[in-house]
Amino acid sequence: MSEDHRDTEVSEPTELAPLDPEAQERRRRALALIRTFGDPSLRSKALEVTRFDERLAEELRRMSQIMDDAVGLGLAATQLGVMHRVLVYRVGSDAPLVVVANPEVEWSSDEREVAEEGCLSLPGIAVDVERPIYARVRAQDEHGEPILIEASGLEARVIQHEMDHLGGVLILDRISKEQRKEALRILREGADALEPRALAAR
């Protein structure tokens with residue numbers, strides 16, 4: 001992950017390399033489109049996708065473009081105020097885009113690990129979150145065809161993070177009371193979205 005900028009939405013601990021002015025402007029515009037803490041859509045449960053048509057395809061293209069411009073690893077539809085149970089992710093700049101509709105975790109490992117996560121909807125926040133290392137997810141692709149994703153490590157973490165969004169769950173709900181209090185303070189102060197602050201695990 002250290003070779004690209006994508007450590008904003010869910011991350012391994014790396015330093016964010018400087019973006020050129022054009023990329024910074026694209027990121028600024030993309031972030032302006034993403035719902036942030038306090039928006040009711042982030043606490044709402046998304047609805048199952050039943051129509052896999054051109055309208056959905058356009059929605060997915062828009063999601064992937066915003067995710068890439070915002071320098072995120074993943075994006076859920078609810079982060080754009082769209083109540084569809086769909087998410088997109090790309091783990092690494094050279095990795096293919098993955099579209100996941102109507103995901104359900106079929107199995108996750110008892111083995112868990114703690115890693116730092118940020119969120120495009122929580123600008124300036126980076127917290128340590130514990131999640132299963134392995135996950136198997138049943139879903140549909142952009143055409144409505146069934147898919148099975150066997151994920152581990154960072155990919156499993158990204159999927160679980162975005163699936164949380166589809167259920168109205170934020171990383172703030174998965175950390176200690178002390179960390180949450182500090183995160184809320186940073187959000188109130190309006191921390192710079194381009195420079196996430198890590199909060200020590202407690």
# chains A, B, ... in the order shown; residues from 1 in each chain; ligands from 1
>>> residues_around(residues="range 140-147 of chain A", least_positions_apart="4", cutoff="7 Å", atoms="only C-alpha atoms", output="JSON, numbers by chain")
{"A": [52, 57, 99, 100, 101, 102]}
>>> write_last_selection(atoms="all heavy atoms", output="PDB file, in the first residue's frame")
ATOM      1  N   PHE A  52     -30.851  -4.221 -11.919  1.00  0.00           N
ATOM      2  CA  PHE A  52     -29.482  -4.080 -12.402  1.00  0.00           C
ATOM      3  C   PHE A  52     -29.545  -3.552 -13.829  1.00  0.00           C
ATOM      4  O   PHE A  52     -29.436  -4.289 -14.805  1.00  0.00           O
ATOM      5  CB  PHE A  52     -28.765  -5.430 -12.311  1.00  0.00           C
ATOM      6  CG  PHE A  52     -28.560  -5.907 -10.901  1.00  0.00           C
ATOM      7  CD1 PHE A  52     -29.581  -6.589 -10.232  1.00  0.00           C
ATOM      8  CD2 PHE A  52     -27.371  -5.648 -10.229  1.00  0.00           C
ATOM      9  CE1 PHE A  52     -29.406  -7.016  -8.921  1.00  0.00           C
ATOM     10  CE2 PHE A  52     -27.201  -6.068  -8.924  1.00  0.00           C
ATOM     11  CZ  PHE A  52     -28.208  -6.755  -8.251  1.00  0.00           C
ATOM     12  N   ALA A  57     -25.765   1.107 -13.315  1.00  0.00           N
ATOM     13  CA  ALA A  57     -24.422   1.149 -13.899  1.00  0.00           C
ATOM     14  C   ALA A  57     -23.838   2.554 -13.817  1.00  0.00           C
ATOM     15  O   ALA A  57     -22.658   2.736 -13.495  1.00  0.00           O
ATOM     16  CB  ALA A  57     -24.460   0.664 -15.350  1.00  0.00           C
ATOM     17  N   VAL A  99     -17.187  -4.440  -7.666  1.00  0.00           N
ATOM     18  CA  VAL A  99     -18.540  -3.991  -7.348  1.00  0.00           C
ATOM     19  C   VAL A  99     -19.230  -5.084  -6.548  1.00  0.00           C
ATOM     20  O   VAL A  99     -19.207  -6.254  -6.949  1.00  0.00           O
ATOM     21  CB  VAL A  99     -19.339  -3.701  -8.632  1.00  0.00           C
ATOM     22  CG1 VAL A  99     -20.801  -3.414  -8.295  1.00  0.00           C
ATOM     23  CG2 VAL A  99     -18.730  -2.529  -9.390  1.00  0.00           C
ATOM     24  N   VAL A 100     -19.832  -4.707  -5.424  1.00  0.00           N
ATOM     25  CA  VAL A 100     -20.475  -5.681  -4.549  1.00  0.00           C
ATOM     26  C   VAL A 100     -21.892  -5.190  -4.246  1.00  0.00           C
ATOM     27  O   VAL A 100     -22.073  -4.162  -3.607  1.00  0.00           O
ATOM     28  CB  VAL A 100     -19.688  -5.858  -3.236  1.00  0.00           C
ATOM     29  CG1 VAL A 100     -20.334  -6.932  -2.368  1.00  0.00           C
ATOM     30  CG2 VAL A 100     -18.231  -6.208  -3.518  1.00  0.00           C
ATOM     31  N   ALA A 101     -22.879  -5.936  -4.715  1.00  0.00           N
ATOM     32  CA  ALA A 101     -24.280  -5.593  -4.449  1.00  0.00           C
ATOM     33  C   ALA A 101     -24.907  -6.631  -3.526  1.00  0.00           C
ATOM     34  O   ALA A 101     -24.634  -7.825  -3.646  1.00  0.00           O
ATOM     35  CB  ALA A 101     -25.064  -5.521  -5.759  1.00  0.00           C
ATOM     36  N   ASN A 102     -25.709  -6.154  -2.613  1.00  0.00           N
ATOM     37  CA  ASN A 102     -26.432  -7.029  -1.680  1.00  0.00           C
ATOM     38  C   ASN A 102     -25.514  -8.011  -0.946  1.00  0.00           C
ATOM     39  O   ASN A 102     -25.795  -9.220  -0.902  1.00  0.00           O
ATOM     40  CB  ASN A 102     -27.539  -7.784  -2.417  1.00  0.00           C
ATOM     41  CG  ASN A 102     -28.515  -6.845  -3.109  1.00  0.00           C
ATOM     42  OD1 ASN A 102     -28.832  -5.779  -2.595  1.00  0.00           O
ATOM     43  ND2 ASN A 102     -28.986  -7.238  -4.284  1.00  0.00           N
TER      44      ASN A 102
END
>>> closest_atom_pairs(of="range 77-97 of chain A", to="range 22-41 of chain A", cutoff="6 Å", atoms="only C-alpha atoms", output="JSON lines")
{"residue": "A:Thr78", "atom": "CA", "partner": "A:Ser41", "partner_atom": "CA", "distance": 5.9}
{"residue": "A:Gln79", "atom": "CA", "partner": "A:Arg35", "partner_atom": "CA", "distance": 5.2}
{"residue": "A:Leu80", "atom": "CA", "partner": "A:Ile34", "partner_atom": "CA", "distance": 5.2}
{"residue": "A:Gly81", "atom": "CA", "partner": "A:Ser41", "partner_atom": "CA", "distance": 5.5}
>>> select_by_dssp(residues="range 14-196 of chain A", states="strand (DSSP E or B)", output="number ranges by chain")
A: 47, 74-76, 84, 86-89, 98-108, 112-118, 125-132, 134-140, 146-152
>>> residues_around(residues="Arg90 in chain A", least_positions_apart="3", cutoff="7 Å", atoms="only C-alpha atoms", output="ChimeraX atom specification")
/A:73-74,95-98
>>> write_last_selection(atoms="N, CA, C and O atoms", output="compact mmCIF listing (two decimals), in the first residue's frame")
# COMPACT_ATOMS: atom_id res chain seq x y z
N LEU A 73 -10.10 3.73 -0.52
CA LEU A 73 -10.03 2.33 -0.91
C LEU A 73 -11.41 1.78 -1.24
O LEU A 73 -11.53 0.82 -1.99
N GLY A 74 -12.44 2.34 -0.64
CA GLY A 74 -13.79 1.83 -0.86
C GLY A 74 -14.81 2.93 -0.64
O GLY A 74 -14.52 3.98 -0.05
N ALA A 95 -5.07 -2.46 -8.80
CA ALA A 95 -6.04 -3.54 -8.63
C ALA A 95 -7.32 -3.21 -9.40
O ALA A 95 -7.65 -2.05 -9.61
N PRO A 96 -8.06 -4.23 -9.82
CA PRO A 96 -9.33 -3.98 -10.52
C PRO A 96 -10.39 -3.46 -9.56
O PRO A 96 -10.35 -3.75 -8.36
N LEU A 97 -11.33 -2.70 -10.09
CA LEU A 97 -12.47 -2.26 -9.31
C LEU A 97 -13.37 -3.45 -9.03
O LEU A 97 -13.63 -4.26 -9.92
N VAL A 98 -13.86 -3.55 -7.79
CA VAL A 98 -14.79 -4.62 -7.43
C VAL A 98 -16.12 -3.98 -7.03
O VAL A 98 -16.16 -3.07 -6.20
>>> select_by_dssp(residues="range 5-91 of chain A", states="alpha helix (DSSP H)", output="ChimeraX atom specification")
/A:21-33,54-69
>>> closest_atom_pairs(of="range 161-185 of chain A", to="range 122-128 of chain A", cutoff="10 Å", atoms="only C-alpha atoms", output="CSV")
residue,atom,partner,partner_atom,distance
A:Leu170,CA,A:Leu122,CA,8.9
A:Ile171,CA,A:Val127,CA,7.8
A:Leu172,CA,A:Val127,CA,8.4
A:Arg174,CA,A:Asp128,CA,8.9
A:Ile175,CA,A:Asp128,CA,7.2
A:Ser176,CA,A:Asp128,CA,9.5
A:Gln179,CA,A:Val127,CA,7.6
A:Arg180,CA,A:Val127,CA,8.9
A:Glu182,CA,A:Ile125,CA,9.5
A:Ala183,CA,A:Ile125,CA,6.3
A:Leu184,CA,A:Ile125,CA,9.0
>>> residues_around(residues="range 60-63 of chain A", least_positions_apart="5", cutoff="9 Å", atoms="only C-alpha atoms", output="number ranges by chain")
A: 55, 68, 75-77, 80, 86-88, 99, 142
